[in-house]
Every structure is written in C-alpha cells, then in structure tokens.
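Trainee: I am attaching a structure below and will ask some questions about it afterwards.
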Amino acid sequence: MKKACLWAVMFVLMPGFAAMATASIGGKWNVQAVLIAMSHPNDLVKPGHTKQEIWSIVQQGASATLTTPNGSISGRFVPKTQEFPLGAWMFELEVPNIRNMPNLGAKYEVTILVRSENVISGGTSITYMGNNGFGGPWYPIGMESWRFDATRIP
C-alpha cells in the first residue's frame with residue numbers, strides 16, 4: 001500500500017518537475033554574473049568581479065541560440081546528465097583566431113538551468129587556447145569561469 005501511494009505521488013509530481021526542467025528559455029534575460037575563477041587575475045579583473053548583461057535566447061524546441069553582448073552561441077537541451085538529473089541547456093562554441101590573432105583561440109561553454117518560468121541560473125567558462133603557429137595542436141593557456149543568475153525581462 002505504501003509503495004502504491006509513493007508511486008501515485010511521484011506520478012502526479014513528475015510532470016511538474018519535467019515541465020520546470022524543459023520550460024521555455026526563449027526571451028530576453030537580465031543577467032547578473034560573478035567571476036569565480038580565472039587563470040591570470042589582475043587589479044581590474046579578479047574573482048569576485050561582477051557584471052550585468054542582457055541576453056536574448058531564441059528557442060526552437062530542444063535547440064536554442066543564445067546571444068550575449070559578445071556574440072551568439074548555439075545549444076540544446078540535454079534531458080538528463082549525472083550532474084543535472086532534471087536536465088540542462090548546454091551551449092558550446094570553439095573559435096580560432098580570436099582578436100585576429102592566428103595563434104589564439106577560445107572555447108566557450110554555457111550551462112543554463114531553469115529554476116522557474118522567469119528565473120534561470122548557471123555558469124559560463126572560457127578556455128583560451130594557443131598553438132605554435134605552424135599547424136600544431138591547440139592547448140589551453142588560460143581560463144575564466146563565471147556563475148550567473150538571471151530574470152526574464154517582460
């Protein structure tokens with residue numbers, strides 16, 4: 001009897017959890033971010049540094065395009081991972097020749113978790129990559145990691 005009640009409660013609650021996890025992220029977002037780690041801090045930018053940005057997200061089903069003041073990045077909803085059992089939006093982009101420098105590239109990663117219809121949170125990371133300029137492999141030369149909270153702009 002107890003198992004039947006537990007299953008009935010889970011059956012009723014699960015659609016709500018699933019709906020929250022896959023709720024629409026499309027729209028404009030007021031983002032508050034804090035730098036949590038970086039490989040080369042300086043007097044102007046170091047862990048604890050904050051920034052505010054407006055992000056725009058265009059969602060089409062389980063795919064989305066995130067546009068920030070720095071550019072756009074495509075991503076998709078991943079229904080379940082070990083770290084995020086209710087799923088997460090994952091965005092990733094590798095860019096060679098940033099700042100018109102042929103030996104400098106970057107890998108951008110953004111993870112977005114839906115907290116409610118009007119609140120998202122997550123993290124972003126940038127891994128700066130270098131190479132020897134003679135066709136050698138790319139290797140990490142620096143990084144930044146940010147945590148953010150955002151509210152939907154009506």
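Order determines the names: the first chain of the structure tokens is A, the second B, and so forth; residues in each chain are numbered 1 upward, and ligands are numbered 1 upward as they are shown.
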Could you give me, as JSON lines, a per-residue list for region 45-118 of chain A showing, wherever an atom lies at most 10 Å from an atom of region 27-36 of chain A, the closest pair of atoms and their distance in Å to one decimal, using only C-alpha atoms and sorting by chain then residue number from low to high?
Mentor:
{"residue": "A:Val45", "atom": "CA", "partner": "A:Leu35", "partner_atom": "CA", "distance": 8.5}
{"residue": "A:Lys46", "atom": "CA", "partner": "A:Leu35", "partner_atom": "CA", "distance": 7.1}
{"residue": "A:Pro47", "atom": "CA", "partner": "A:Ile36", "partner_atom": "CA", "distance": 4.9}
{"residue": "A:Gly48", "atom": "CA", "partner": "A:Leu35", "partner_atom": "CA", "distance": 5.3}
{"residue": "A:His49", "atom": "CA", "partner": "A:Leu35", "partner_atom": "CA", "distance": 5.3}
{"residue": "A:Thr50", "atom": "CA", "partner": "A:Val34", "partner_atom": "CA", "distance": 4.4}
{"residue": "A:Lys51", "atom": "CA", "partner": "A:Ala33", "partner_atom": "CA", "distance": 5.3}
{"residue": "A:Gln52", "atom": "CA", "partner": "A:Gln32", "partner_atom": "CA", "distance": 4.7}
{"residue": "A:Glu53", "atom": "CA", "partner": "A:Val31", "partner_atom": "CA", "distance": 5.2}
{"residue": "A:Ile54", "atom": "CA", "partner": "A:Asn30", "partner_atom": "CA", "distance": 4.9}
{"residue": "A:Trp55", "atom": "CA", "partner": "A:Trp29", "partner_atom": "CA", "distance": 5.1}
{"residue": "A:Ser56", "atom": "CA", "partner": "A:Lys28", "partner_atom": "CA", "distance": 4.4}
{"residue": "A:Ile57", "atom": "CA", "partner": "A:Gly27", "partner_atom": "CA", "distance": 5.3}
{"residue": "A:Val58", "atom": "CA", "partner": "A:Gly27", "partner_atom": "CA", "distance": 6.5}
{"residue": "A:Gln59", "atom": "CA", "partner": "A:Gly27", "partner_atom": "CA", "distance": 8.2}
{"residue": "A:Leu66", "atom": "CA", "partner": "A:Gly27", "partner_atom": "CA", "distance": 9.7}
{"residue": "A:Thr67", "atom": "CA", "partner": "A:Lys28", "partner_atom": "CA", "distance": 9.5}
{"residue": "A:Thr68", "atom": "CA", "partner": "A:Val31", "partner_atom": "CA", "distance": 9.8}
{"residue": "A:Asn118", "atom": "CA", "partner": "A:Trp29", "partner_atom": "CA", "distance": 8.8}
Trainee: Please produce an output containing N, CA, C and O atoms for each residue in the selection, written as a JSON list (two decimals), in the first residue's frame.
Mentor:
[["chain", "number", "residue", "atom", "x", "y", "z"],
["A", 45, "VAL", "N", 40.44, 42.95, -13.02],
["A", 45, "VAL", "CA", 39.53, 41.81, -13.13],
["A", 45, "VAL", "C", 40.11, 40.64, -12.34],
["A", 45, "VAL", "O", 41.21, 40.15, -12.65],
["A", 46, "LYS", "N", 39.37, 40.22, -11.32],
["A", 46, "LYS", "CA", 39.79, 39.09, -10.49],
["A", 46, "LYS", "C", 38.55, 38.44, -9.91],
["A", 46, "LYS", "O", 37.44, 39.00, -10.01],
["A", 47, "PRO", "N", 38.66, 37.24, -9.35],
["A", 47, "PRO", "CA", 37.48, 36.59, -8.78],
["A", 47, "PRO", "C", 36.72, 37.54, -7.85],
["A", 47, "PRO", "O", 37.32, 38.31, -7.09],
["A", 48, "GLY", "N", 35.40, 37.52, -7.99],
["A", 48, "GLY", "CA", 34.54, 38.45, -7.26],
["A", 48, "GLY", "C", 34.05, 39.59, -8.14],
["A", 48, "GLY", "O", 33.08, 40.26, -7.80],
["A", 49, "HIS", "N", 34.71, 39.81, -9.28],
["A", 49, "HIS", "CA", 34.30, 40.85, -10.23],
["A", 49, "HIS", "C", 32.88, 40.52, -10.71],
["A", 49, "HIS", "O", 32.57, 39.37, -10.99],
["A", 50, "THR", "N", 32.02, 41.51, -10.82],
["A", 50, "THR", "CA", 30.64, 41.28, -11.27],
["A", 50, "THR", "C", 30.38, 42.04, -12.56],
["A", 50, "THR", "O", 31.06, 43.02, -12.88],
["A", 51, "LYS", "N", 29.37, 41.56, -13.28],
["A", 51, "LYS", "CA", 28.93, 42.27, -14.49],
["A", 51, "LYS", "C", 27.44, 42.00, -14.68],
["A", 51, "LYS", "O", 26.90, 41.00, -14.21],
["A", 52, "GLN", "N", 26.80, 42.93, -15.36],
["A", 52, "GLN", "CA", 25.39, 42.81, -15.70],
["A", 52, "GLN", "C", 25.28, 42.89, -17.22],
["A", 52, "GLN", "O", 25.91, 43.74, -17.85],
["A", 53, "GLU", "N", 24.50, 41.97, -17.80],
["A", 53, "GLU", "CA", 24.31, 41.93, -19.25],
["A", 53, "GLU", "C", 22.85, 41.61, -19.56],
["A", 53, "GLU", "O", 22.13, 41.08, -18.72],
["A", 54, "ILE", "N", 22.46, 41.92, -20.78],
["A", 54, "ILE", "CA", 21.17, 41.50, -21.30],
["A", 54, "ILE", "C", 21.44, 40.39, -22.31],
["A", 54, "ILE", "O", 22.24, 40.57, -23.23],
["A", 55, "TRP", "N", 20.82, 39.24, -22.11],
["A", 55, "TRP", "CA", 20.94, 38.12, -23.03],
["A", 55, "TRP", "C", 19.60, 37.92, -23.73],
["A", 55, "TRP", "O", 18.53, 38.13, -23.15],
["A", 56, "SER", "N", 19.66, 37.47, -24.96],
["A", 56, "SER", "CA", 18.48, 37.13, -25.74],
["A", 56, "SER", "C", 18.60, 35.66, -26.14],
["A", 56, "SER", "O", 19.67, 35.23, -26.59],
["A", 57, "ILE", "N", 17.53, 34.91, -25.94],
["A", 57, "ILE", "CA", 17.54, 33.49, -26.31],
["A", 57, "ILE", "C", 16.36, 33.22, -27.24],
["A", 57, "ILE", "O", 15.22, 33.56, -26.92],
["A", 58, "VAL", "N", 16.66, 32.62, -28.38],
["A", 58, "VAL", "CA", 15.63, 32.18, -29.31],
["A", 58, "VAL", "C", 15.62, 30.65, -29.23],
["A", 58, "VAL", "O", 16.61, 30.00, -29.52],
["A", 59, "GLN", "N", 14.48, 30.12, -28.79],
["A", 59, "GLN", "CA", 14.34, 28.67, -28.61],
["A", 59, "GLN", "C", 13.45, 28.10, -29.70],
["A", 59, "GLN", "O", 12.41, 28.66, -30.02],
["A", 66, "LEU", "N", 21.70, 31.46, -28.08],
["A", 66, "LEU", "CA", 21.93, 32.45, -27.03],
["A", 66, "LEU", "C", 22.76, 33.58, -27.62],
["A", 66, "LEU", "O", 23.81, 33.34, -28.21],
["A", 67, "THR", "N", 22.26, 34.81, -27.46],
["A", 67, "THR", "CA", 23.00, 35.98, -27.93],
["A", 67, "THR", "C", 23.32, 36.86, -26.73],
["A", 67, "THR", "O", 22.43, 37.25, -25.98],
["A", 68, "THR", "N", 24.62, 37.14, -26.56],
["A", 68, "THR", "CA", 25.11, 38.00, -25.49],
["A", 68, "THR", "C", 25.77, 39.21, -26.13],
["A", 68, "THR", "O", 25.91, 39.26, -27.36],
["A", 118, "ASN", "N", 10.47, 32.32, -14.90],
["A", 118, "ASN", "CA", 11.10, 33.62, -15.05],
["A", 118, "ASN", "C", 12.49, 33.73, -14.44],
["A", 118, "ASN", "O", 13.03, 34.83, -14.30]]
Trainee: Would you mind listing what lies within 12 Å of region 72-81 of chain A as number ranges by chain, with only C-alpha atoms counted and same-chain residues fewer than 6 positions away left out?
Mentor: A: 17-25, 55-66, 87-95, 107-114, 124
Trainee: Which neighbours of Gly130 (chain A) fall inside 12 Å, counting only C-alpha atoms, when residues of the same chain fewer than 6 positions from it are skipped, and could you give them as a PyMOL selection string?
Mentor: chain A and resi 95-98+101-107+136-143
Trainee: Please identify which residues in region 21-153 of chain A DSSP calls strand (DSSP E or B) from the backbone, and express them as a PyMOL selection string.
Mentor: chain A and resi 27-38+50-60+63-68+71-78+88-95+104-116+119-130+139-153
Trainee: Once DSSP has gone over the backbone, tell me which residues of chain A are in helix (DSSP H, G or I), as a PyMOL selection string.
Mentor: chain A and resi 2-21+98-100
Trainee: Please measure the separation of CA of Gly71 (chain A) and CA of Leu44 (chain A), giving the value in Å to one decimal.
Mentor: 22.9 Å
Trainee: Provide the CA of Ala37 (chain A) to CA of Trp146 (chain A) distance in Å, to one decimal place.
Mentor: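 One can read the CA of Ala37 (chain A) to CA of Trp146 (chain A) distance as 7.1 Å.
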Trainee: What does the distance between CA of Glu144 (chain A) and CA of Val119 (chain A) come to in Å, to one decimal place?
Mentor: 23.6 Å
